[in-house]
Structure formats: C-alpha cells, structure tokens
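Below: query-v4.pdb (PDB, C-alpha atoms)
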```pdb
ATOM      1  CA  MET A   1      46.923 186.281 -65.357
ATOM      2  CA  GLY A   2      46.525 183.471 -62.846
ATOM      3  CA  ALA A   3      42.743 183.626 -63.141
ATOM      4  CA  GLN A   4      42.969 183.359 -66.917
ATOM      5  CA  VAL A   5      45.264 180.340 -66.704
ATOM      6  CA  SER A   6      42.931 178.704 -64.206
ATOM      7  CA  LYS A   7      39.970 179.334 -66.504
ATOM      8  CA  GLN A   8      41.767 177.755 -69.450
ATOM      9  CA  LEU A   9      42.674 174.701 -67.398
ATOM     10  CA  GLU A  10      39.026 174.292 -66.438
ATOM     11  CA  ARG A  11      38.012 174.592 -70.085
ATOM     12  CA  ARG A  12      40.465 171.881 -71.087
ATOM     13  CA  LYS A  13      39.139 169.616 -68.345
ATOM     14  CA  ALA A  14      35.580 170.185 -69.556
ATOM     15  CA  ILE A  15      36.514 169.369 -73.141
ATOM     16  CA  ASP A  16      38.389 166.229 -72.112
ATOM     17  CA  ALA A  17      35.470 165.119 -69.934
ATOM     18  CA  GLU A  18      32.991 165.568 -72.792
ATOM     19  CA  LYS A  19      35.197 163.697 -75.243
ATOM     20  CA  LYS A  20      35.374 160.841 -72.723
ATOM     21  CA  ILE A  21      31.579 160.715 -72.504
ATOM     22  CA  LEU A  22      31.364 160.168 -76.256
ATOM     23  CA  THR A  23      34.222 157.665 -76.258
ATOM     24  CA  ASP A  24      32.587 155.666 -73.457
ATOM     25  CA  LEU A  25      29.225 155.751 -75.266
ATOM     26  CA  LEU A  26      30.865 154.471 -78.430
ATOM     27  CA  GLN A  27      32.577 151.649 -76.539
ATOM     28  CA  SER A  28      29.428 150.612 -74.703
ATOM     29  CA  SER A  29      26.855 151.035 -77.473
ATOM     30  CA  GLY A  30      28.824 150.755 -80.701
ATOM     31  CA  ASP A  31      28.077 152.609 -83.914
ATOM     32  CA  GLN A  32      26.114 150.009 -85.879
ATOM     33  CA  PHE A  33      22.749 150.846 -87.446
ATOM     34  CA  PRO A  34      20.599 149.624 -90.338
ATOM     35  CA  GLY A  35      22.721 150.148 -93.441
ATOM     36  CA  SER A  36      25.959 150.795 -91.562
ATOM     37  CA  ASP A  37      27.770 148.144 -93.610
ATOM     38  CA  TYR A  38      26.696 149.670 -96.938
ATOM     39  CA  HIS A  39      29.393 151.209 -99.126
ATOM     40  CA  PRO A  40      28.539 152.738-102.529
ATOM     41  CA  SER A  41      30.702 151.505-105.369
ATOM     42  CA  ASP A  42      31.037 155.075-106.679
ATOM     43  CA  HIS A  43      30.530 158.051-104.369
ATOM     44  CA  LYS A  44      30.079 160.358-107.328
ATOM     45  CA  THR A  45      26.880 158.542-108.348
ATOM     46  CA  TRP A  46      25.680 157.004-105.085
ATOM     47  CA  MET A  47      22.093 158.203-105.531
ATOM     48  CA  SER A  48      21.892 156.803-109.063
ATOM     49  CA  SER A  49      22.996 153.385-107.825
ATOM     50  CA  LEU A  50      19.996 153.190-105.459
ATOM     51  CA  ASP A  51      17.432 153.237-108.314
ATOM     52  CA  PRO A  52      16.073 156.781-108.800
ATOM     53  CA  SER A  53      12.611 155.422-109.628
ATOM     54  CA  LYS A  54      12.260 154.042-106.096
ATOM     55  CA  VAL A  55      14.067 156.586-103.900
ATOM     56  CA  HIS A  56      11.666 159.200-102.523
ATOM     57  CA  ILE A  57      13.121 162.565-101.591
ATOM     58  CA  ARG A  58      11.725 162.317 -98.062
ATOM     59  CA  ASN A  59      13.667 159.076 -97.469
ATOM     60  CA  ILE A  60      17.115 160.318 -98.455
ATOM     61  CA  LEU A  61      19.597 161.059 -95.696
ATOM     62  CA  PHE A  62      21.492 163.855 -97.452
ATOM     63  CA  PRO A  63      25.181 164.167 -96.499
ATOM     64  CA  GLY A  64      26.119 167.841 -96.385
ATOM     65  CA  THR A  65      29.039 170.145 -95.833
ATOM     66  CA  HIS A  66      29.154 173.031 -93.368
ATOM     67  CA  ASP A  67      30.583 176.310 -94.731
ATOM     68  CA  SER A  68      31.093 174.486 -97.980
ATOM     69  CA  ALA A  69      33.020 177.026-100.039
ATOM     70  CA  THR A  70      35.849 177.801 -97.609
ATOM     71  CA  ASN A  71      38.611 175.703 -99.154
ATOM     72  CA  LYS A  72      40.514 178.844-100.232
ATOM     73  CA  ILE A  73      39.293 181.276 -97.572
ATOM     74  CA  GLY A  74      41.831 183.637 -96.004
ATOM     75  CA  ILE A  75      45.617 183.481 -96.182
ATOM     76  CA  PRO A  76      47.286 180.043 -95.946
ATOM     77  CA  PHE A  77      48.861 179.357 -92.518
ATOM     78  CA  ILE A  78      47.741 182.794 -91.266
ATOM     79  CA  SER A  79      43.974 183.396 -91.332
ATOM     80  CA  ARG A  80      42.847 180.272 -93.214
ATOM     81  CA  PRO A  81      43.082 177.837 -90.256
ATOM     82  CA  PHE A  82      40.608 179.998 -88.321
ATOM     83  CA  ALA A  83      37.899 179.936 -90.999
ATOM     84  CA  GLN A  84      38.423 176.953 -93.286
ATOM     85  CA  CYS A  85      35.780 174.273 -92.740
ATOM     86  CA  GLN A  86      36.393 172.312 -95.958
ATOM     87  CA  SER A  87      39.743 171.603 -97.581
ATOM     88  CA  SER A  88      38.258 170.264-100.835
ATOM     89  CA  SER A  89      36.727 172.288-103.654
ATOM     90  CA  ILE A  90      32.973 172.257-104.220
ATOM     91  CA  TYR A  91      33.455 169.939-107.193
ATOM     92  CA  ARG A  92      35.532 167.481-105.140
ATOM     93  CA  GLN A  93      32.981 167.530-102.310
ATOM     94  CA  LEU A  94      30.230 166.616-104.755
ATOM     95  CA  CYS A  95      32.332 163.844-106.294
ATOM     96  CA  ARG A  96      33.029 162.584-102.778
ATOM     97  CA  GLY A  97      29.276 162.317-102.203
ATOM     98  CA  ALA A  98      28.136 165.565-100.556
ATOM     99  CA  ARG A  99      24.605 166.492-101.591
ATOM    100  CA  VAL A 100      23.886 169.568 -99.451
ATOM    101  CA  LEU A 101      25.978 172.717 -99.783
ATOM    102  CA  ASP A 102      26.025 175.602 -97.298
ATOM    103  CA  VAL A 103      27.302 178.761 -98.990
ATOM    104  CA  ARG A 104      27.436 182.311 -97.588
ATOM    105  CA  VAL A 105      27.797 185.453 -99.699
ATOM    106  CA  ASN A 106      28.303 189.191 -99.301
ATOM    107  CA  GLN A 107      26.825 192.096-101.247
ATOM    108  CA  ASP A 108      29.429 191.654-104.002
ATOM    109  CA  ARG A 109      28.378 188.053-104.699
ATOM    110  CA  ARG A 110      31.586 186.754-103.170
ATOM    111  CA  VAL A 111      31.703 183.782-100.837
ATOM    112  CA  CYS A 112      32.646 184.634 -97.263
ATOM    113  CA  HIS A 113      32.929 183.248 -93.762
ATOM    114  CA  GLY A 114      32.631 186.017 -91.230
ATOM    115  CA  ILE A 115      34.901 188.887 -92.262
ATOM    116  CA  LEU A 116      37.001 186.743 -94.606
ATOM    117  CA  VAL A 117      36.137 186.771 -98.295
ATOM    118  CA  THR A 118      37.095 184.301-101.019
ATOM    119  CA  TYR A 119      36.121 183.593-104.635
ATOM    120  CA  PRO A 120      32.952 184.786-106.439
ATOM    121  CA  ILE A 121      29.772 182.719-106.206
ATOM    122  CA  ASP A 122      30.251 181.944-109.907
ATOM    123  CA  VAL A 123      32.986 179.479-108.908
ATOM    124  CA  VAL A 124      30.466 177.542-106.822
ATOM    125  CA  LEU A 125      27.784 177.561-109.502
ATOM    126  CA  ASP A 126      30.213 176.537-112.259
ATOM    127  CA  SER A 127      31.429 173.641-110.095
ATOM    128  CA  ILE A 128      27.869 172.480-109.510
ATOM    129  CA  LYS A 129      27.012 172.665-113.189
ATOM    130  CA  ARG A 130      30.167 170.740-114.083
ATOM    131  CA  PHE A 131      29.297 167.986-111.615
ATOM    132  CA  LEU A 132      25.699 167.721-112.789
ATOM    133  CA  SER A 133      26.815 167.568-116.429
ATOM    134  CA  GLU A 134      28.881 164.491-115.535
ATOM    135  CA  THR A 135      26.075 162.663-113.686
ATOM    136  CA  THR A 136      22.462 161.847-114.441
ATOM    137  CA  SER A 137      20.434 161.357-111.261
ATOM    138  CA  GLU A 138      22.127 163.101-108.324
ATOM    139  CA  ILE A 139      19.866 165.592-106.492
ATOM    140  CA  LEU A 140      21.432 168.539-104.629
ATOM    141  CA  ILE A 141      20.225 170.954-101.985
ATOM    142  CA  LEU A 142      22.003 174.275-102.429
ATOM    143  CA  GLU A 143      21.582 176.670 -99.503
ATOM    144  CA  ILE A 144      22.827 180.192-100.148
ATOM    145  CA  ARG A 145      22.514 182.872 -97.493
ATOM    146  CA  THR A 146      23.769 186.381 -96.935
ATOM    147  CA  GLU A 147      26.477 186.159 -94.288
ATOM    148  CA  PHE A 148      25.926 187.965 -90.990
ATOM    149  CA  GLY A 149      27.207 191.532 -91.123
ATOM    150  CA  TYR A 150      26.674 191.987 -94.870
ATOM    151  CA  THR A 151      23.838 193.282 -97.011
ATOM    152  CA  ASP A 152      22.088 191.186 -99.628
ATOM    153  CA  PRO A 153      23.608 191.156-103.120
ATOM    154  CA  PRO A 154      21.302 193.126-105.450
ATOM    155  CA  ASP A 155      18.846 191.106-107.548
ATOM    156  CA  PHE A 156      20.425 187.883-106.355
ATOM    157  CA  ASP A 157      17.258 185.827-106.754
ATOM    158  CA  THR A 158      17.117 186.707-110.446
ATOM    159  CA  PHE A 159      20.832 185.981-110.782
ATOM    160  CA  LEU A 160      20.459 182.493-109.270
ATOM    161  CA  SER A 161      17.433 181.690-111.397
ATOM    162  CA  ASP A 162      19.236 182.759-114.561
ATOM    163  CA  GLN A 163      22.458 180.918-113.697
ATOM    164  CA  LEU A 164      20.849 177.612-112.705
ATOM    165  CA  SER A 165      17.836 177.861-114.987
ATOM    166  CA  ASP A 166      16.433 174.456-116.000
ATOM    167  CA  LEU A 167      18.411 172.654-113.281
ATOM    168  CA  LEU A 168      16.205 174.163-110.577
ATOM    169  CA  ILE A 169      13.495 172.107-108.912
ATOM    170  CA  HIS A 170      10.793 174.729-108.343
ATOM    171  CA  HIS A 171       9.227 175.073-104.933
ATOM    172  CA  ASP A 172       6.428 172.569-104.442
ATOM    173  CA  ASP A 173       5.524 170.850-101.175
ATOM    174  CA  ASN A 174       4.754 167.703-103.161
ATOM    175  CA  VAL A 175       8.473 167.339-103.955
ATOM    176  CA  PHE A 176       8.977 165.497-100.663
ATOM    177  CA  ASP A 177       6.640 162.719-101.830
ATOM    178  CA  LYS A 178       8.230 162.325-105.248
ATOM    179  CA  THR A 179      11.013 160.031-106.348
ATOM    180  CA  ILE A 180      14.289 161.232-107.800
ATOM    181  CA  ALA A 181      13.166 160.015-111.234
ATOM    182  CA  GLU A 182       9.976 162.082-111.043
ATOM    183  CA  LEU A 183      12.018 165.271-110.554
ATOM    184  CA  LEU A 184      14.489 164.702-113.363
ATOM    185  CA  PRO A 185      15.934 166.344-115.398
ATOM    186  CA  ARG A 186      15.754 169.089-112.743
ATOM    187  CA  ARG A 187      18.414 168.494-110.102
ATOM    188  CA  ILE A 188      18.777 171.384-107.602
ATOM    189  CA  ILE A 189      16.617 172.475-104.686
ATOM    190  CA  CYS A 190      18.005 175.986-104.171
ATOM    191  CA  ILE A 191      17.194 177.646-100.856
ATOM    192  CA  TRP A 192      17.899 181.384-100.829
ATOM    193  CA  LYS A 193      18.101 183.076 -97.425
ATOM    194  CA  PRO A 194      18.454 186.849 -97.759
ATOM    195  CA  ARG A 195      18.726 189.081 -94.702
ATOM    196  CA  LYS A 196      16.439 191.920 -95.759
ATOM    197  CA  SER A 197      15.431 191.308 -99.369
ATOM    198  CA  PRO A 198      12.054 189.649-100.015
ATOM    199  CA  ALA A 199      11.972 185.908 -99.482
ATOM    200  CA  PRO A 200      11.378 183.657-102.501
ATOM    201  CA  LYS A 201       7.706 183.360-103.393
ATOM    202  CA  PRO A 202       5.854 180.039-103.133
ATOM    203  CA  GLY A 203       5.844 178.113-106.376
ATOM    204  CA  GLY A 204       8.884 179.930-107.777
ATOM    205  CA  PRO A 205      12.271 178.559-108.824
ATOM    206  CA  LEU A 206      13.838 179.216-105.384
ATOM    207  CA  TRP A 207      12.822 177.929-101.946
ATOM    208  CA  SER A 208      12.552 180.106 -98.841
ATOM    209  CA  ALA A 209      14.469 179.794 -95.558
ATOM    210  CA  GLY A 210      11.806 177.783 -93.735
ATOM    211  CA  TYR A 211      12.414 174.783 -95.959
ATOM    212  CA  LEU A 212      15.844 174.060 -94.469
ATOM    213  CA  ARG A 213      15.752 174.291 -90.687
ATOM    214  CA  ASP A 214      18.244 173.530 -87.948
ATOM    215  CA  ASN A 215      19.024 174.305 -84.323
ATOM    216  CA  TRP A 216      22.617 175.472 -84.183
ATOM    217  CA  ILE A 217      24.337 176.110 -80.860
ATOM    218  CA  ASP A 218      27.651 177.904 -80.501
ATOM    219  CA  THR A 219      29.858 175.559 -78.495
ATOM    220  CA  ASP A 220      33.214 173.805 -78.667
ATOM    221  CA  LEU A 221      32.068 171.084 -76.244
ATOM    222  CA  PRO A 222      31.447 167.897 -78.230
ATOM    223  CA  ASN A 223      28.966 166.092 -75.986
ATOM    224  CA  THR A 224      27.029 169.312 -75.393
ATOM    225  CA  LYS A 225      26.618 169.631 -79.161
ATOM    226  CA  PHE A 226      25.897 165.911 -79.581
ATOM    227  CA  GLU A 227      23.098 165.936 -77.008
ATOM    228  CA  SER A 228      21.684 169.237 -78.232
ATOM    229  CA  ASN A 229      21.489 167.738 -81.717
ATOM    230  CA  MET A 230      19.729 164.694 -80.264
ATOM    231  CA  LYS A 231      17.225 166.792 -78.339
ATOM    232  CA  HIS A 232      16.246 168.984 -81.256
ATOM    233  CA  LEU A 233      16.112 166.064 -83.685
ATOM    234  CA  SER A 234      13.745 164.221 -81.341
ATOM    235  CA  GLU A 235      11.400 167.229 -81.414
ATOM    236  CA  GLN A 236      10.947 167.103 -85.202
ATOM    237  CA  GLN A 237       8.201 165.309 -87.058
ATOM    238  CA  PRO A 238       9.174 162.117 -88.909
ATOM    239  CA  VAL A 239      10.351 162.704 -92.477
ATOM    240  CA  SER A 240       7.169 161.002 -93.705
ATOM    241  CA  SER A 241       4.948 163.776 -92.346
ATOM    242  CA  ARG A 242       6.864 167.048 -92.682
ATOM    243  CA  LYS A 243       7.257 169.433 -95.591
ATOM    244  CA  TYR A 244      10.693 170.868 -94.844
ATOM    245  CA  PHE A 245      14.263 169.626 -94.587
ATOM    246  CA  TYR A 246      15.815 169.414 -91.134
ATOM    247  CA  ARG A 247      19.594 169.557 -90.727
ATOM    248  CA  VAL A 248      21.820 168.201 -87.993
ATOM    249  CA  GLU A 249      25.439 169.408 -88.034
ATOM    250  CA  ASN A 250      28.116 167.114 -86.633
ATOM    251  CA  THR A 251      30.329 170.108 -85.822
ATOM    252  CA  VAL A 252      31.618 172.130 -82.905
ATOM    253  CA  THR A 253      32.760 175.728 -83.121
ATOM    254  CA  PRO A 254      35.981 177.403 -81.965
ATOM    255  CA  GLN A 255      35.460 179.851 -79.110
ATOM    256  CA  ALA A 256      37.362 183.114 -78.780
ATOM    257  CA  ASP A 257      38.144 182.572 -75.087
ATOM    258  CA  ASN A 258      39.835 179.229 -75.725
ATOM    259  CA  PRO A 259      43.479 178.985 -76.872
ATOM    260  CA  VAL A 260      42.521 176.400 -79.533
ATOM    261  CA  VAL A 261      40.677 178.428 -82.170
ATOM    262  CA  CYS A 262      41.654 176.689 -85.423
ATOM    263  CA  VAL A 263      38.710 174.879 -86.978
ATOM    264  CA  ARG A 264      40.220 171.457 -87.694
ATOM    265  CA  PRO A 265      41.482 170.530 -84.198
ATOM    266  CA  VAL A 266      38.252 171.792 -82.666
ATOM    267  CA  THR A 267      35.959 169.945 -85.068
ATOM    268  CA  ASP A 268      38.048 166.786 -84.618
ATOM    269  CA  ARG A 269      36.520 166.578 -81.132
ATOM    270  CA  ILE A 270      33.220 165.452 -82.677
ATOM    271  CA  HIS A 271      34.101 164.541 -86.257
ATOM    272  CA  GLY A 272      34.650 160.857 -85.536
ATOM    273  CA  TYR A 273      31.299 160.391 -83.814
ATOM    274  CA  ALA A 274      29.010 160.794 -86.832
ATOM    275  CA  ARG A 275      28.199 157.095 -87.010
ATOM    276  CA  LEU A 276      27.643 157.063 -83.259
ATOM    277  CA  PHE A 277      25.106 159.850 -83.664
ATOM    278  CA  ILE A 278      23.174 157.908 -86.283
ATOM    279  CA  SER A 279      23.253 154.717 -84.201
ATOM    280  CA  GLN A 280      22.036 156.620 -81.147
ATOM    281  CA  ALA A 281      19.203 158.165 -83.159
ATOM    282  CA  PHE A 282      18.083 154.616 -83.951
ATOM    283  CA  ALA A 283      18.609 153.438 -80.377
ATOM    284  CA  ARG A 284      16.608 156.340 -78.951
ATOM    285  CA  GLY A 285      13.752 155.864 -81.407
ATOM    286  CA  PHE A 286      13.891 158.878 -83.698
ATOM    287  CA  ALA A 287      16.089 157.932 -86.637
ATOM    288  CA  ASP A 288      12.991 158.493 -88.775
ATOM    289  CA  ARG A 289      13.640 162.225 -88.265
ATOM    290  CA  LEU A 290      17.109 162.154 -89.879
ATOM    291  CA  GLN A 291      17.182 163.935 -93.227
ATOM    292  CA  VAL A 292      20.214 166.252 -93.623
ATOM    293  CA  PHE A 293      23.469 165.485 -91.821
ATOM    294  CA  SER A 294      26.356 167.901 -92.316
ATOM    295  CA  THR A 295      29.985 168.033 -91.272
ATOM    296  CA  ASP A 296      33.223 169.952 -91.562
ATOM    297  CA  PHE A 297      35.969 168.355 -93.707
ATOM    298  CA  ILE A 298      33.673 165.746 -95.240
ATOM    299  CA  ASP A 299      35.097 162.302 -95.959
ATOM    300  CA  GLU A 300      33.781 159.243 -97.751
ATOM    301  CA  ASP A 301      32.993 157.347 -94.549
ATOM    302  CA  PHE A 302      30.550 160.100 -93.583
ATOM    303  CA  VAL A 303      28.895 159.781 -97.007
ATOM    304  CA  ASP A 304      28.792 155.974 -96.655
ATOM    305  CA  ALA A 305      26.904 156.305 -93.372
ATOM    306  CA  CYS A 306      24.259 158.578 -94.909
ATOM    307  CA  ALA A 307      23.964 156.484 -98.067
ATOM    308  CA  GLY A 308      23.645 153.398 -95.871
ATOM    309  CA  VAL A 309      20.628 154.785 -94.023
ATOM    310  CA  THR A 310      19.063 155.774 -97.350
ATOM    311  CA  HIS A 311      19.645 152.262 -98.698
ATOM    312  CA  ALA A 312      18.176 150.698 -95.545
ATOM    313  CA  ARG A 313      15.048 152.849 -95.881
ATOM    314  CA  LEU A 314      14.700 151.797 -99.508
ATOM    315  CA  GLU A 315      14.978 148.159 -98.436
ATOM    316  CA  GLY A 316      12.397 148.640 -95.675
ATOM    317  CA  LYS A 317      14.987 148.005 -92.938
ATOM    318  CA  ALA A 318      14.927 151.483 -91.388
TER
END
```

The structure given in the file should be rewritten as structure tokens.
Amino acid sequence: MGAQVSKQLERRKAIDAEKKILTDLLQSSGDQFPGSDYHPSDHKTWMSSLDPSKVHIRNILFPGTHDSATNKIGIPFISRPFAQCQSSSIYRQLCRGARVLDVRVNQDRRVCHGILVTYPIDVVLDSIKRFLSETTSEILILEIRTEFGYTDPPDFDTFLSDQLSDLLIHHDDNVFDKTIAELLPRRIICIWKPRKSPAPKPGGPLWSAGYLRDNWIDTDLPNTKFESNMKHLSEQQPVSSRKYFYRVENTVTPQADNPVVCVRPVTDRIHGYARLFISQAFARGFADRLQVFSTDFIDEDFVDACAGVTHARLEGKA
C-alpha cells in the first residue's frame, strides 16, 4: 500500500512538473503567430469566408475533433466521464468550426470508444448531411475506423459510398493542389480504415488509411505529448510537397495506474496550450508542416487559431 501511494505521489509530481514546463514556455515565448489575431465572423462558414476560389486544400489547417462521436457514450456520471472526449453533437461540432471528424465503429455499425457503444453511425452521417445542406463551401475530412477489439462491419465501404454518394470527393492525389471551389459540389474526403477488410482502392470514392497519418503516444504527461508532437511534426514534409494529411492531436490520455482517469481533467492539462503549440511550430521552423490539428472538447478559440493560420497562408504571411 505504501509503495502504491509513493508511486502516485511521484506521478503527481511528474504531471505538475510537466505542466510547469508548458506554463513557463508560454510566459517566456507567448502564443502569437501569423494569423493569431484572426477571428471568423461565423464559425459555421469559416472556410467560405476565406474565398473558396483561392484556398488550396494543402494550405488549410483543418481543426479536428478526437473521438468525435462520444457525446452520448456510456452512462452519465458513471461510465461516460471515462470515455467522453466531446460534449457536443457532431452537428454542433461542425457548426463550431470542426472540419475533421474521428469516428470509430464496431461490427454492428455503431459508434464506440473502447468497450463502450453509443448511437448508430447513421446519426453521424445524418448530422454531416444536415450541416452540408446548410452551407455551400465547407470541406470535411471524415475518418471512420473499426475500433480496436472489433471486427469490420460487413460491406461498410459500399454502405458509406451509398450514404454519402455525390458528397464524396473521390481519391485523387491531385486534390491537394486544388482549391475548395475546384472540388465543389463534392464536400467530403472520407477515409475508411478497416482492420481486416480490403482497403479502399485508388481512384474510388473512399480514401485509404495512409492518407491520414499521425504519431499517437499513450501518455497523460502534457509536455511529453507536446514535445513528441513537435518531434514527429518536424519529421514530415511541408504541406506543399506531400500527398497525405498529417494530424497532430493536442490531447493527453488517462492512464489506468493514475487515480485521475476521467477524460476532461486529464485533457485539461494540455488543452489550453494549442496556440502555444502553433506558435512554437513557427518559432522552430516547421509550421509549414501543420495540416490537421485535433483536440478533445473543441471550442471556438481552437477553431480561430486554425482558421487564422489558414488565413495567413492565403495572405502570404505564413
């Protein structure tokens, strides 16, 4: 018992020390960057306001949500706090400005996070279609994967193609060089990541796993995650010369051996340092690698930061 208590005390010290590192970095370096003072007048249509005929897909910094469809996961006040990464519905996230969705499914086409299961995938797709029907020029990246521990839903590629139909931007490496206007009226880049089923074929309506890459580490230590994100981002090619999307997640993950295992208090350790991350990417010379930036519990300030970088690139300031 004493050893366990001692271990937990050491863990708390480590967490506090890492939070201090980020706080000190913020105080010494600030969180300003090209476009940091930009604020869209309407988050629901922030891409449209940037002139779709001039915004190239490769130059967008897409704000995304991690474990997007977990707003109703589990039982309230019992299992939900351990698995909920977003408190808003998919529709509200999109209206708030999110443009990348991370959705996990099981073999029954139900959304899940680990062992917890929530609503059918139809709820997600209907929300997306509703949002797109209310806007004209917003482009989305929809990542759907089979959650670890489950088998792939049967014929899911056909199901997605039928459900999203003419909204889908078919796989084409030239998409990265095109403007939003050149892709319209198609609006969704859908990346399907099955576990054992065949991957989507080149040139088809769905994109395969290699087109949305990341380097995720399982840690609840905020500076460890921050610096790991920096390291892996620095190793990518600039957005101007690569033919895949690269995602950085401004998140940390609850650990089973730590007494704090609810998502929100753990992710709060890094949540407020999103702008610091962007400013440090500029300061360290590889902001030209930033392309997808995701978070738990997305808010409008996070979207503003991503839209600001996109605007600065459009203006030739980043």

Which protein, DNA or RNA residues have an atom at most 12 Å from (20.2, 155.3, -82.6), counting all atoms listed in the file? List them as a PyMOL selection string. chain A and resi 25-26+29-34+36+230+233-234+274-290+309+318

Need to verify the contact set: Lys72 of chain A, 9 Å, only C-alpha atoms, exclusion of same-chain residues closer than 5 positions in sequence. Can you return it as a compact mmCIF listing (two decimals) with C-alpha atoms, in the coordinates of the input?
```
# COMPACT_ATOMS: atom_id res chain seq x y z
CA ARG A 80 42.85 180.27 -93.21
CA GLN A 84 38.42 176.95 -93.29
CA GLN A 86 36.39 172.31 -95.96
CA SER A 87 39.74 171.60 -97.58
CA SER A 88 38.26 170.26 -100.84
CA SER A 89 36.73 172.29 -103.65
CA THR A 118 37.10 184.30 -101.02
CA TYR A 119 36.12 183.59 -104.64
```

Centre, x/y/z edge lengths, axis-aligned box for segment 104-109 of chain A with 6 Å per side, as AutoDock Vina command-line options:
```
--center_x 28.1 --center_y 187.2 --center_z -101.1 --size_x 14.6 --size_y 21.8 --size_z 19.1
```

Starting from the shown file, work through the PyMOL selection byres ((chain A and resi 208-220) around 6) and note down what comes out as number ranges by chain. A: 191-193, 199-200, 207, 221, 244-247, 252-254

Once the PyMOL selection byres ((chain A and resi 257) around 10) has been applied to the shown file, what residues remain in the selection, as a PyMOL selection string? chain A and resi 4+7-8+11+254-256+258-261

Could you pull the residues within 8 Å of segment 132-144 of chain A, counting only C-alpha atoms, minus those fewer than 5 positions along the same chain, as an MDAnalysis selection string? chainID A and resid 44:48 52 99:105 180:181 184:185 187:193

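Residue selection for this entry, given the PyMOL selection byres ((chain A and resi 195) around 8), comprises Arg145, Thr146, Thr151, Asp152, Lys193, Pro194, Lys196 and Ser197 of chain A.
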
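Residues lying within 8 Å of Asp304 of chain A, counting all atoms listed in the file and ignoring same-chain neighbours fewer than 5 positions away, are Ser36, Tyr38, His39 and Pro40 of chain A.
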
Quick one, how far is atom CA of Phe226 of chain A from atom CA of Leu116 of chain A? 28.0 Å

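If you look at atom CA of Arg242 of chain A and atom CA of Asp157 of chain A, they are 25.7 Å away from each other.
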
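Nearest residue to His113 of chain A among A:Lys20, A:Arg264, A:His43, A:His66 is A:His66, counting all atoms listed in the file.
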